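Structure data follow from input-v5.tsv (TSV, C-alpha atoms):
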chain	number	residue	atom	x	y	z
A	12	MET	CA	-15.95	238.89	-86.50
A	13	GLU	CA	-15.67	240.04	-90.11
A	14	ALA	CA	-13.12	237.32	-90.81
A	15	VAL	CA	-15.63	234.74	-89.57
A	16	LYS	CA	-18.37	236.26	-91.75
A	17	ALA	CA	-16.10	236.26	-94.80
A	18	TYR	CA	-15.07	232.67	-94.13
A	19	ASP	CA	-18.71	231.64	-93.84
A	20	LEU	CA	-19.64	233.40	-97.09
A	21	GLU	CA	-16.72	231.77	-98.90
A	22	LEU	CA	-17.84	228.38	-97.67
A	23	GLN	CA	-21.38	229.03	-98.93
A	24	LEU	CA	-19.98	230.21	-102.26
A	25	ARG	CA	-17.91	227.06	-102.67
A	26	GLN	CA	-20.90	224.83	-101.89
A	27	LEU	CA	-23.10	226.69	-104.40
A	28	ARG	CA	-20.39	226.37	-107.06
A	29	GLU	CA	-19.93	222.65	-106.44
A	30	LEU	CA	-23.67	222.11	-106.67
A	31	ARG	CA	-23.88	224.14	-109.89
A	32	GLN	CA	-20.94	222.31	-111.44
A	33	ALA	CA	-22.50	218.95	-110.53
A	34	LEU	CA	-25.73	220.01	-112.28
A	35	GLU	CA	-23.83	221.30	-115.31
A	36	LEU	CA	-22.01	217.98	-115.56
A	37	LYS	CA	-25.26	215.99	-115.36
A	38	MET	CA	-26.80	218.25	-118.01
A	39	LYS	CA	-23.82	217.75	-120.32
A	40	GLU	CA	-24.01	213.99	-119.84
A	41	LEU	CA	-27.71	213.92	-120.70
A	42	GLU	CA	-27.05	216.08	-123.79
A	43	TYR	CA	-24.31	213.68	-124.82
A	44	ALA	CA	-26.70	210.76	-124.34
A	45	GLU	CA	-29.30	212.55	-126.47
A	46	GLY	CA	-26.70	212.99	-129.20
A	47	ILE	CA	-25.98	209.26	-129.24
A	48	ILE	CA	-29.63	208.22	-129.03
A	49	THR	CA	-30.80	210.47	-131.87
A	50	ALA	CA	-27.74	210.16	-134.13
A	51	THR	CA	-27.93	206.50	-134.97
A	52	LYS	CA	-30.40	204.76	-137.17
A	53	SER	CA	-30.05	201.43	-135.42
A	54	GLU	CA	-32.01	201.34	-132.21
A	55	ARG	CA	-30.13	201.20	-128.93
A	56	LYS	CA	-31.67	199.83	-125.80
A	57	ILE	CA	-32.00	202.45	-123.06
A	58	TYR	CA	-32.58	202.13	-119.33
A	59	ARG	CA	-33.45	204.77	-116.81
A	60	ALA	CA	-32.26	204.49	-113.21
A	61	PHE	CA	-34.77	204.93	-110.39
A	62	SER	CA	-32.96	204.49	-107.10
A	63	ASP	CA	-31.73	200.85	-107.28
A	64	LEU	CA	-33.97	199.81	-110.19
A	65	LEU	CA	-33.20	200.14	-113.89
A	66	VAL	CA	-36.27	200.22	-116.12
A	67	GLU	CA	-36.15	199.92	-119.90
A	68	VAL	CA	-37.48	203.02	-121.66
A	69	THR	CA	-38.14	203.78	-125.29
A	70	LYS	CA	-36.13	206.25	-127.33
A	71	ASP	CA	-38.99	208.77	-127.18
A	72	GLU	CA	-39.37	208.40	-123.42
A	73	ALA	CA	-35.63	208.94	-122.98
A	74	ILE	CA	-35.62	212.06	-125.16
A	75	GLU	CA	-38.63	213.45	-123.31
A	76	HIS	CA	-36.90	212.77	-119.99
A	77	ILE	CA	-33.75	214.53	-121.20
A	78	GLU	CA	-35.67	217.58	-122.45
A	79	ARG	CA	-37.64	217.91	-119.23
A	80	THR	CA	-34.59	217.38	-117.02
A	81	ARG	CA	-32.58	219.88	-119.06
A	82	LEU	CA	-35.19	222.59	-118.39
A	83	VAL	CA	-35.23	221.81	-114.66
A	84	TYR	CA	-31.43	221.90	-114.49
A	85	LYS	CA	-31.20	225.14	-116.50
A	86	ARG	CA	-33.57	226.92	-114.13
A	87	GLU	CA	-31.73	225.53	-111.11
A	88	ILE	CA	-28.33	226.56	-112.53
A	89	GLU	CA	-29.64	230.10	-113.15
A	90	LYS	CA	-30.89	230.32	-109.56
A	91	LEU	CA	-27.54	229.12	-108.21
A	92	LYS	CA	-25.67	231.67	-110.34
A	93	GLU	CA	-27.88	234.43	-108.90
A	94	LYS	CA	-27.13	233.28	-105.36
A	95	GLU	CA	-23.41	233.14	-106.16
A	96	LYS	CA	-23.52	236.73	-107.43
A	97	GLU	CA	-25.27	237.91	-104.25
A	98	ILE	CA	-22.67	236.28	-102.05
A	99	MET	CA	-19.80	237.66	-104.12
A	100	LYS	CA	-21.35	241.13	-103.74
A	101	LYS	CA	-21.57	240.67	-99.96
A	102	LEU	CA	-17.96	239.51	-99.88
A	103	ALA	CA	-16.83	242.54	-101.90
A	104	GLU	CA	-18.68	244.88	-99.49
A	105	LEU	CA	-17.14	243.13	-96.49
A	106	ARG	CA	-13.67	243.56	-97.92
A	107	ALA	CA	-14.16	247.16	-99.10
B	14	MET	CA	-21.47	227.23	-73.99
B	15	GLU	CA	-25.08	227.62	-75.08
B	16	ALA	CA	-23.97	228.90	-78.47
B	17	VAL	CA	-21.91	225.73	-78.93
B	18	LYS	CA	-24.85	223.56	-77.89
B	19	ALA	CA	-27.19	225.37	-80.28
B	20	TYR	CA	-24.65	225.05	-83.10
B	21	ASP	CA	-24.33	221.33	-82.42
B	22	LEU	CA	-28.11	220.84	-82.41
B	23	GLU	CA	-28.46	222.77	-85.67
B	24	LEU	CA	-25.81	220.58	-87.25
B	25	GLN	CA	-27.65	217.43	-86.11
B	26	LEU	CA	-30.90	218.85	-87.42
B	27	ARG	CA	-29.39	219.56	-90.83
B	28	GLN	CA	-27.96	216.05	-91.07
B	29	LEU	CA	-31.30	214.47	-90.13
B	30	ARG	CA	-33.07	216.60	-92.73
B	31	GLU	CA	-30.60	215.70	-95.48
B	32	LEU	CA	-30.97	212.02	-94.65
B	33	ARG	CA	-34.78	212.30	-94.66
B	34	GLN	CA	-34.81	214.19	-97.95
B	35	ALA	CA	-32.52	211.57	-99.51
B	36	LEU	CA	-34.93	208.83	-98.43
B	37	GLU	CA	-37.94	210.80	-99.67
B	38	LEU	CA	-36.25	211.22	-103.04
B	39	LYS	CA	-35.48	207.49	-103.31
B	40	MET	CA	-39.06	206.66	-102.36
B	41	LYS	CA	-40.41	209.04	-105.00
B	42	GLU	CA	-38.12	207.50	-107.61
B	43	LEU	CA	-39.27	203.99	-106.77
B	44	GLU	CA	-42.90	205.11	-106.91
B	45	TYR	CA	-42.26	206.68	-110.31
B	46	ALA	CA	-40.64	203.43	-111.47
B	47	GLU	CA	-43.67	201.49	-110.24
B	48	GLY	CA	-45.91	203.80	-112.23
B	49	ILE	CA	-43.97	203.10	-115.41
B	50	ILE	CA	-43.70	199.37	-114.80
B	51	THR	CA	-47.39	198.85	-114.09
B	52	ALA	CA	-48.81	201.37	-116.59
B	53	THR	CA	-47.70	199.78	-119.80
B	54	LYS	CA	-48.98	196.66	-121.39
B	55	SER	CA	-45.75	195.92	-123.20
B	56	GLU	CA	-43.21	194.34	-120.91
B	57	ARG	CA	-40.10	196.31	-120.02
B	58	LYS	CA	-36.92	194.66	-118.94
B	59	ILE	CA	-35.96	195.58	-115.37
B	60	TYR	CA	-32.69	195.25	-113.49
B	61	ARG	CA	-32.00	195.62	-109.81
B	62	ALA	CA	-28.66	196.90	-108.55
B	63	PHE	CA	-26.81	194.98	-105.86
B	64	SER	CA	-23.59	196.80	-105.14
B	65	ASP	CA	-21.72	196.63	-108.50
B	66	LEU	CA	-23.91	193.89	-110.02
B	67	LEU	CA	-27.14	194.42	-111.96
B	68	VAL	CA	-29.45	191.42	-112.01
B	69	GLU	CA	-32.50	191.09	-114.23
B	70	VAL	CA	-35.72	190.85	-112.25
B	71	THR	CA	-39.30	190.19	-113.27
B	72	LYS	CA	-42.05	192.78	-113.13
B	73	ASP	CA	-43.54	191.08	-110.07
B	74	GLU	CA	-40.20	190.92	-108.28
B	75	ALA	CA	-39.63	194.60	-108.98
B	76	ILE	CA	-43.07	195.58	-107.66
B	77	GLU	CA	-42.58	193.47	-104.55
B	78	HIS	CA	-39.19	195.11	-103.99
B	79	ILE	CA	-40.73	198.58	-104.39
B	80	GLU	CA	-43.56	197.83	-101.97
B	81	ARG	CA	-41.23	196.41	-99.34
B	82	THR	CA	-38.71	199.22	-99.70
B	83	ARG	CA	-41.48	201.83	-99.52
B	84	LEU	CA	-42.60	200.48	-96.15
B	85	VAL	CA	-39.03	200.50	-94.81
B	86	TYR	CA	-38.47	204.06	-96.04
B	87	LYS	CA	-41.80	205.29	-94.63
B	88	ARG	CA	-40.97	203.98	-91.16
B	89	GLU	CA	-37.47	205.44	-91.36
B	90	ILE	CA	-38.79	208.82	-92.53
B	91	GLU	CA	-41.28	208.89	-89.61
B	92	LYS	CA	-38.48	208.15	-87.14
B	93	LEU	CA	-36.33	210.91	-88.60
B	94	LYS	CA	-39.21	213.39	-88.39
B	95	GLU	CA	-39.66	212.51	-84.71
B	96	LYS	CA	-35.97	213.10	-84.06
B	97	GLU	CA	-36.14	216.42	-85.92
B	98	LYS	CA	-39.06	217.52	-83.75
B	99	GLU	CA	-37.17	216.64	-80.56
B	100	ILE	CA	-34.15	218.64	-81.63
B	101	MET	CA	-36.28	221.62	-82.67
B	102	LYS	CA	-37.90	221.50	-79.22
B	103	LYS	CA	-34.50	221.48	-77.54
B	104	LEU	CA	-33.40	224.40	-79.72
B	105	ALA	CA	-36.53	226.37	-78.81
B	106	GLU	CA	-35.89	225.76	-75.11
B	107	LEU	CA	-32.27	226.80	-75.45
B	108	ARG	CA	-33.29	230.07	-77.12
B	109	ALA	CA	-36.18	230.82	-74.74
C	3	MET	CA	-5.81	218.61	-74.26
C	4	GLU	CA	-7.36	215.28	-73.27
C	5	ALA	CA	-10.75	216.45	-74.43
C	6	VAL	CA	-9.27	217.20	-77.86
C	7	LYS	CA	-7.61	213.79	-77.98
C	8	ALA	CA	-10.84	212.05	-76.99
C	9	TYR	CA	-12.77	214.03	-79.58
C	10	ASP	CA	-10.25	213.08	-82.24
C	11	LEU	CA	-10.42	209.39	-81.30
C	12	GLU	CA	-14.20	209.46	-81.36
C	13	LEU	CA	-14.13	210.99	-84.82
C	14	GLN	CA	-11.77	208.26	-86.04
C	15	LEU	CA	-13.98	205.62	-84.46
C	16	ARG	CA	-17.06	206.96	-86.21
C	17	GLN	CA	-15.29	207.03	-89.58
C	18	LEU	CA	-14.07	203.44	-89.14
C	19	ARG	CA	-17.58	202.32	-88.21
C	20	GLU	CA	-19.16	204.05	-91.20
C	21	LEU	CA	-16.61	202.47	-93.51
C	22	ARG	CA	-17.21	199.04	-91.97
C	23	GLN	CA	-20.98	199.39	-92.19
C	24	ALA	CA	-20.70	200.44	-95.84
C	25	LEU	CA	-18.63	197.30	-96.57
C	26	GLU	CA	-21.06	195.10	-94.62
C	27	LEU	CA	-23.94	196.54	-96.63
C	28	LYS	CA	-22.17	195.89	-99.96
C	29	MET	CA	-21.36	192.34	-98.84
C	30	LYS	CA	-24.98	191.70	-97.89
C	31	GLU	CA	-26.16	193.05	-101.25
C	32	LEU	CA	-23.77	190.79	-103.15
C	33	GLU	CA	-24.91	187.81	-101.06
C	34	TYR	CA	-28.51	188.68	-101.84
C	35	ALA	CA	-27.64	188.90	-105.53
C	36	GLU	CA	-25.97	185.49	-105.34
C	37	GLY	CA	-29.11	184.06	-103.77
C	38	ILE	CA	-31.23	185.35	-106.66
C	39	ILE	CA	-28.77	184.30	-109.35
C	40	THR	CA	-28.34	180.75	-108.09
C	41	ALA	CA	-31.92	180.12	-106.92
C	42	THR	CA	-33.69	180.32	-110.22
C	43	LYS	CA	-33.58	177.86	-113.02
C	44	SER	CA	-34.41	180.39	-115.67
C	45	GLU	CA	-31.36	182.41	-116.60
C	46	ARG	CA	-31.25	186.07	-115.71
C	47	LYS	CA	-29.09	188.54	-117.55
C	48	ILE	CA	-26.42	190.06	-115.33
C	49	TYR	CA	-24.26	193.16	-115.77
C	50	ARG	CA	-21.25	194.28	-113.83
C	51	ALA	CA	-20.50	197.97	-113.34
C	52	PHE	CA	-17.01	199.27	-114.09
C	53	SER	CA	-16.96	203.00	-113.46
C	54	ASP	CA	-19.49	204.34	-116.03
C	55	LEU	CA	-19.64	201.17	-118.14
C	56	LEU	CA	-21.92	198.17	-117.60
C	57	VAL	CA	-20.65	194.93	-119.13
C	58	GLU	CA	-22.73	191.79	-119.48
C	59	VAL	CA	-21.28	188.88	-117.49
C	60	THR	CA	-22.25	185.23	-117.28
C	61	LYS	CA	-23.77	183.62	-114.21
C	62	ASP	CA	-20.46	181.89	-113.43
C	63	GLU	CA	-18.48	185.09	-113.79
C	64	ALA	CA	-20.90	186.87	-111.49
C	65	ILE	CA	-20.68	184.16	-108.83
C	66	GLU	CA	-16.89	184.14	-109.04
C	67	HIS	CA	-16.87	187.92	-108.65
C	68	ILE	CA	-19.15	187.70	-105.61
C	69	GLU	CA	-17.03	185.00	-103.95
C	70	ARG	CA	-13.80	186.90	-104.52
C	71	THR	CA	-15.26	190.22	-103.40
C	72	ARG	CA	-16.77	188.61	-100.31
C	73	LEU	CA	-13.33	187.38	-99.21
C	74	VAL	CA	-11.79	190.82	-99.76
C	75	TYR	CA	-14.58	192.51	-97.81
C	76	LYS	CA	-14.41	189.98	-94.95
C	77	ARG	CA	-10.70	190.59	-94.47
C	78	GLU	CA	-11.20	194.34	-94.67
C	79	ILE	CA	-14.07	194.24	-92.16
C	80	GLU	CA	-11.93	192.20	-89.72
C	81	LYS	CA	-9.12	194.76	-90.00
C	82	LEU	CA	-11.52	197.61	-89.36
C	83	LYS	CA	-12.96	195.85	-86.30
C	84	GLU	CA	-9.43	195.44	-84.92
C	85	LYS	CA	-8.76	199.15	-85.42
C	86	GLU	CA	-12.05	200.02	-83.74
C	87	LYS	CA	-11.11	197.90	-80.72
C	88	GLU	CA	-7.73	199.61	-80.42
C	89	ILE	CA	-9.32	203.05	-80.48
C	90	MET	CA	-11.98	202.04	-77.96
C	91	LYS	CA	-9.18	200.80	-75.68
C	92	LYS	CA	-7.35	204.12	-76.01
C	93	LEU	CA	-10.56	205.99	-75.26
C	94	ALA	CA	-11.17	203.87	-72.15
C	95	GLU	CA	-7.64	204.57	-70.93
C	96	LEU	CA	-8.06	208.28	-71.55
C	97	ARG	CA	-11.26	208.35	-69.53
C	98	ALA	CA	-9.99	206.13	-66.70
D	11	MET	CA	-0.26	230.46	-86.86
D	12	GLU	CA	2.15	227.93	-88.36
D	13	ALA	CA	0.16	225.08	-86.84
D	14	VAL	CA	-2.94	226.39	-88.59
D	15	LYS	CA	-1.05	226.67	-91.89
D	16	ALA	CA	0.31	223.13	-91.53
D	17	TYR	CA	-3.14	221.81	-90.69
D	18	ASP	CA	-4.59	223.53	-93.73
D	19	LEU	CA	-1.87	222.13	-96.01
D	20	GLU	CA	-2.40	218.63	-94.63
D	21	LEU	CA	-6.10	218.92	-95.30
D	22	GLN	CA	-5.44	220.00	-98.90
D	23	LEU	CA	-2.99	217.13	-99.29
D	24	ARG	CA	-5.51	214.60	-98.06
D	25	GLN	CA	-8.19	215.92	-100.43
D	26	LEU	CA	-5.80	215.78	-103.40
D	27	ARG	CA	-4.84	212.22	-102.51
D	28	GLU	CA	-8.44	211.10	-102.17
D	29	LEU	CA	-9.27	212.64	-105.54
D	30	ARG	CA	-6.24	210.99	-107.16
D	31	GLN	CA	-7.05	207.60	-105.63
D	32	ALA	CA	-10.65	207.87	-106.84
D	33	LEU	CA	-9.40	208.56	-110.39
D	34	GLU	CA	-6.87	205.72	-110.19
D	35	LEU	CA	-9.65	203.37	-109.10
D	36	LYS	CA	-11.93	204.46	-111.97
D	37	MET	CA	-9.06	204.01	-114.41
D	38	LYS	CA	-8.33	200.53	-113.12
D	39	GLU	CA	-12.00	199.60	-113.41
D	40	LEU	CA	-12.17	200.81	-117.01
D	41	GLU	CA	-8.99	198.87	-117.82
D	42	TYR	CA	-10.50	195.77	-116.26
D	43	ALA	CA	-13.66	196.30	-118.33
D	44	GLU	CA	-11.54	196.64	-121.46
D	45	GLY	CA	-9.84	193.35	-120.64
D	46	ILE	CA	-13.19	191.58	-120.39
D	47	ILE	CA	-14.64	193.23	-123.49
D	48	THR	CA	-11.68	192.46	-125.73
D	49	ALA	CA	-10.78	189.03	-124.34
D	50	THR	CA	-13.87	187.12	-125.31
D	51	LYS	CA	-14.99	186.09	-128.72
D	52	SER	CA	-18.64	186.01	-127.81
D	53	GLU	CA	-20.16	189.48	-127.82
D	54	ARG	CA	-21.26	191.00	-124.55
D	55	LYS	CA	-23.83	193.72	-124.37
D	56	ILE	CA	-22.42	196.97	-122.98
D	57	TYR	CA	-24.14	200.06	-121.60
D	58	ARG	CA	-22.70	203.44	-120.81
D	59	ALA	CA	-24.10	205.56	-117.99
D	60	PHE	CA	-24.99	209.19	-118.65
D	61	SER	CA	-26.36	210.65	-115.44
D	62	ASP	CA	-29.51	208.55	-114.81
D	63	LEU	CA	-29.71	207.08	-118.32
D	64	LEU	CA	-27.97	203.92	-119.53
D	65	VAL	CA	-27.47	203.73	-123.28
D	66	GLU	CA	-26.38	200.62	-125.15
D	67	VAL	CA	-23.03	201.07	-126.89
D	68	THR	CA	-21.08	198.86	-129.25
D	69	LYS	CA	-17.83	197.15	-128.34
D	70	ASP	CA	-15.88	199.66	-130.45
D	71	GLU	CA	-17.62	202.63	-128.87
D	72	ALA	CA	-16.87	201.26	-125.41
D	73	ILE	CA	-13.18	200.72	-126.21
D	74	GLU	CA	-12.90	204.19	-127.71
D	75	HIS	CA	-14.55	205.64	-124.59
D	76	ILE	CA	-12.13	203.73	-122.35
D	77	GLU	CA	-9.07	204.86	-124.32
D	78	ARG	CA	-10.15	208.49	-124.32
D	79	THR	CA	-11.10	208.46	-120.65
D	80	ARG	CA	-7.82	206.78	-119.72
D	81	LEU	CA	-5.85	209.61	-121.33
D	82	VAL	CA	-7.92	212.25	-119.53
D	83	TYR	CA	-7.48	210.46	-116.18
D	84	LYS	CA	-3.74	209.98	-116.70
D	85	ARG	CA	-3.21	213.68	-117.32
D	86	GLU	CA	-5.40	214.57	-114.34
D	87	ILE	CA	-3.55	212.11	-112.08
D	88	GLU	CA	-0.20	213.59	-113.13
D	89	LYS	CA	-1.44	217.11	-112.33
D	90	LEU	CA	-2.67	216.00	-108.91
D	91	LYS	CA	0.68	214.33	-108.16
D	92	GLU	CA	2.45	217.57	-109.01
D	93	LYS	CA	0.19	219.52	-106.67
D	94	GLU	CA	0.75	216.94	-103.92
D	95	LYS	CA	4.52	217.34	-104.31
D	96	GLU	CA	4.26	221.13	-104.04
D	97	ILE	CA	2.24	220.91	-100.86
D	98	MET	CA	4.58	218.33	-99.35
D	99	LYS	CA	7.48	220.69	-100.12
D	100	LYS	CA	5.67	223.57	-98.40
D	101	LEU	CA	4.95	221.34	-95.40
D	102	ALA	CA	8.61	220.32	-95.18
D	103	GLU	CA	9.70	223.99	-95.26
D	104	LEU	CA	7.18	224.87	-92.59
D	105	ARG	CA	8.47	222.14	-90.32
D	106	ALA	CA	12.18	222.80	-90.98
Target encoding structure tokens, full file:
Amino acid sequence: MEAVKAYDLELQLRQLRELRQALELKMKELEYAEGIITATKSERKIYRAFSDLLVEVTKDEAIEHIERTRLVYKREIEKLKEKEKEIMKKLAELRA
Amino acid sequence: MEAVKAYDLELQLRQLRELRQALELKMKELEYAEGIITATKSERKIYRAFSDLLVEVTKDEAIEHIERTRLVYKREIEKLKEKEKEIMKKLAELRA
Amino acid sequence: MEAVKAYDLELQLRQLRELRQALELKMKELEYAEGIITATKSERKIYRAFSDLLVEVTKDEAIEHIERTRLVYKREIEKLKEKEKEIMKKLAELRA
Amino acid sequence: MEAVKAYDLELQLRQLRELRQALELKMKELEYAEGIITATKSERKIYRAFSDLLVEVTKDEAIEHIERTRLVYKREIEKLKEKEKEIMKKLAELRA
């Protein structure tokens, strides 16, 4: 029974980590995009993807989108880290 | 045997919910895109993705696509909600 | 033992079907794109996605890509249908 | 017990292979893109995807991105091949 519980907790932990890493990757990509967009003097065209449509956005709209998304991701990543800690604590107790 | 049945129903329920949430997200994204496309006076270029090809579409074509897709998604979301209800009913009966 | 075998075959069948349906969807999308590209007199800009890069292509390049991809998908879909038939035959034998 | 171990190793092997094939496909796509970008005299517009934003990049930036990404993928593919070999060795020992 405890082996099943531990297995289940490990599975949850792995899913939380994968989700967190996916968010961290997206955040890094958006930060990289912001670097490119703001670094150059010459204007670059920018599109934002909405499902299967790409809509042209201005530099300012893109930067605002990045800043807002970054905040959302940061909060989400913090929440996931908290959940990971809780599960690791449960796993440690189970194995003690 | 009943535990297996309940587990199977819960799995189905989770899959239906994930599918519904994915559709709801796509619908929200398209609605957001429509907001941007229709709000501004200045024209924005728009592309539509078809597999690995992106083809430029006009504002009117994009709006028509969004409206049509929204109807399809709405119907699909309603169907999924019905299926979810059925499964939740079955689960309640199984646990009664 | 036979229940396990049948379960395994059903799983394979479902995976083959999902793969086939995904290919059929991509083929339909490319055919739709071809319809749009060839129907209009006014030129539309077209991009082709290669991993995380989008590269502008001409109308002729896009049509050639669609034609070639359609042939590849058709062959692949035929192969998958054959495999599905074989598995359905095995399942029928198992249940006979 | 050994059947479970073998099953687990086979699962790991399949996941490693899928990951490697996905990387090989992305690498091939980027190489194809490079061929198109460098072959033609006429300039093509190019965009790079960062999460849900597409940012216009120059031909030189695109080529630099492809070269850098190719190196990263090559190293990663080599690592995955090594891991696959190790697991195949373990599987052979288990079955001997």
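Coordinates place CA of Glu35 in chain A at a distance of 22.2 Å from CA of Ala50 in chain A.
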What does chain D look like after a least-squares fit onto chain A on every Cα paired in order, written as a compact mmCIF listing (two decimals) with C-alpha atoms, in the frame of the given file?
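Listed below is the output, out.txt:
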# COMPACT_ATOMS: atom_id res chain seq x y z
CA MET D 11 -15.93 238.86 -86.50
CA GLU D 12 -15.65 240.01 -90.12
CA ALA D 13 -13.11 237.28 -90.82
CA VAL D 14 -15.62 234.72 -89.58
CA LYS D 15 -18.36 236.24 -91.75
CA ALA D 16 -16.09 236.23 -94.81
CA TYR D 17 -15.08 232.64 -94.14
CA ASP D 18 -18.71 231.63 -93.85
CA LEU D 19 -19.63 233.40 -97.10
CA GLU D 20 -16.72 231.77 -98.91
CA LEU D 21 -17.85 228.38 -97.68
CA GLN D 22 -21.39 229.03 -98.94
CA LEU D 23 -19.98 230.20 -102.26
CA ARG D 24 -17.92 227.07 -102.67
CA GLN D 25 -20.91 224.83 -101.89
CA LEU D 26 -23.10 226.69 -104.40
CA ARG D 27 -20.41 226.37 -107.06
CA GLU D 28 -19.94 222.66 -106.44
CA LEU D 29 -23.69 222.12 -106.68
CA ARG D 30 -23.89 224.15 -109.90
CA GLN D 31 -20.94 222.31 -111.44
CA ALA D 32 -22.51 218.96 -110.55
CA LEU D 33 -25.74 220.01 -112.30
CA GLU D 34 -23.84 221.33 -115.32
CA LEU D 35 -22.01 218.01 -115.57
CA LYS D 36 -25.27 216.01 -115.37
CA MET D 37 -26.79 218.25 -118.02
CA LYS D 38 -23.83 217.78 -120.32
CA GLU D 39 -24.01 214.02 -119.86
CA LEU D 40 -27.71 213.94 -120.71
CA GLU D 41 -27.05 216.09 -123.79
CA TYR D 42 -24.30 213.72 -124.85
CA ALA D 43 -26.69 210.78 -124.35
CA GLU D 44 -29.29 212.55 -126.47
CA GLY D 45 -26.72 213.00 -129.22
CA ILE D 46 -25.97 209.28 -129.25
CA ILE D 47 -29.61 208.23 -129.04
CA THR D 48 -30.80 210.46 -131.86
CA ALA D 49 -27.76 210.17 -134.14
CA THR D 50 -27.94 206.52 -135.00
CA LYS D 51 -30.44 204.76 -137.14
CA SER D 52 -30.03 201.45 -135.41
CA GLU D 53 -31.99 201.31 -132.17
CA ARG D 54 -30.10 201.18 -128.90
CA LYS D 55 -31.63 199.82 -125.77
CA ILE D 56 -31.96 202.45 -123.04
CA TYR D 57 -32.56 202.13 -119.30
CA ARG D 58 -33.46 204.78 -116.80
CA ALA D 59 -32.30 204.55 -113.19
CA PHE D 60 -34.82 204.99 -110.39
CA SER D 61 -32.99 204.58 -107.11
CA ASP D 62 -31.72 200.96 -107.27
CA LEU D 63 -33.98 199.89 -110.14
CA LEU D 64 -33.20 200.22 -113.85
CA VAL D 65 -36.24 200.23 -116.11
CA GLU D 66 -36.11 199.91 -119.88
CA VAL D 67 -37.46 203.00 -121.65
CA THR D 68 -38.12 203.75 -125.29
CA LYS D 69 -36.10 206.22 -127.33
CA ASP D 70 -38.97 208.74 -127.18
CA GLU D 71 -39.34 208.37 -123.42
CA ALA D 72 -35.61 208.91 -122.98
CA ILE D 73 -35.61 212.05 -125.15
CA GLU D 74 -38.63 213.43 -123.33
CA HIS D 75 -36.90 212.75 -120.00
CA ILE D 76 -33.75 214.51 -121.21
CA GLU D 77 -35.67 217.56 -122.46
CA ARG D 78 -37.65 217.89 -119.25
CA THR D 79 -34.61 217.37 -117.04
CA ARG D 80 -32.60 219.88 -119.06
CA LEU D 81 -35.20 222.58 -118.40
CA VAL D 82 -35.25 221.81 -114.68
CA TYR D 83 -31.44 221.90 -114.50
CA LYS D 84 -31.22 225.13 -116.50
CA ARG D 85 -33.59 226.92 -114.14
CA GLU D 86 -31.75 225.52 -111.12
CA ILE D 87 -28.36 226.55 -112.54
CA GLU D 88 -29.64 230.09 -113.15
CA LYS D 89 -30.90 230.31 -109.55
CA LEU D 90 -27.56 229.11 -108.21
CA LYS D 91 -25.69 231.68 -110.33
CA GLU D 92 -27.88 234.41 -108.90
CA LYS D 93 -27.14 233.27 -105.36
CA GLU D 94 -23.41 233.12 -106.15
CA LYS D 95 -23.53 236.72 -107.41
CA GLU D 96 -25.28 237.89 -104.24
CA ILE D 97 -22.68 236.27 -102.04
CA MET D 98 -19.81 237.64 -104.11
CA LYS D 99 -21.36 241.11 -103.73
CA LYS D 100 -21.57 240.66 -99.95
CA LEU D 101 -17.95 239.48 -99.88
CA ALA D 102 -16.84 242.51 -101.89
CA GLU D 103 -18.67 244.86 -99.47
CA LEU D 104 -17.12 243.12 -96.50
CA ARG D 105 -13.65 243.54 -97.92
CA ALA D 106 -14.14 247.15 -99.10
task = Determine which residues of chain D sit within 8 Å of chain C, taking into account only C-alpha atoms, and present them as a list of chain:residue names.
result =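 Applying the cut-off to the listed atoms yields D:Lys36, D:Glu39, D:Leu40, D:Tyr42, D:Ala43, D:Ile47, D:Arg54, D:Lys55, D:Ile56, D:Tyr57, D:Arg58, D:Ala59, D:Phe60, D:Ala72.
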Set the distance at 12 Å and use only C-alpha atoms: which residues neighbour range 102-105 of chain B once local chain neighbours fewer than 3 positions away are removed? I'd like the list as a PDB file with C-alpha atoms, keeping the file's coordinate frame.
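result.pdb, freshly written:
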ATOM      1  CA  GLU B  15     -25.080 227.620 -75.080  1.00  0.00           C
ATOM      2  CA  ALA B  16     -23.970 228.900 -78.470  1.00  0.00           C
ATOM      3  CA  VAL B  17     -21.910 225.730 -78.930  1.00  0.00           C
ATOM      4  CA  LYS B  18     -24.850 223.560 -77.890  1.00  0.00           C
ATOM      5  CA  ALA B  19     -27.190 225.370 -80.280  1.00  0.00           C
ATOM      6  CA  TYR B  20     -24.650 225.050 -83.100  1.00  0.00           C
ATOM      7  CA  ASP B  21     -24.330 221.330 -82.420  1.00  0.00           C
ATOM      8  CA  LEU B  22     -28.110 220.840 -82.410  1.00  0.00           C
ATOM      9  CA  GLU B  23     -28.460 222.770 -85.670  1.00  0.00           C
ATOM     10  CA  LEU B  24     -25.810 220.580 -87.250  1.00  0.00           C
ATOM     11  CA  GLN B  25     -27.650 217.430 -86.110  1.00  0.00           C
ATOM     12  CA  LEU B  26     -30.900 218.850 -87.420  1.00  0.00           C
ATOM     13  CA  GLU B  95     -39.660 212.510 -84.710  1.00  0.00           C
ATOM     14  CA  LYS B  96     -35.970 213.100 -84.060  1.00  0.00           C
ATOM     15  CA  GLU B  97     -36.140 216.420 -85.920  1.00  0.00           C
ATOM     16  CA  LYS B  98     -39.060 217.520 -83.750  1.00  0.00           C
ATOM     17  CA  GLU B  99     -37.170 216.640 -80.560  1.00  0.00           C
ATOM     18  CA  ARG B 108     -33.290 230.070 -77.120  1.00  0.00           C
ATOM     19  CA  ALA B 109     -36.180 230.820 -74.740  1.00  0.00           C
TER      20      ALA B 109
END
request  = Could you jot down the CA of Leu82 in chain C to CA of Arg30 in chain D separation for me, Å, one decimal place?
outcome  =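 So the answer is 22.9 Å.
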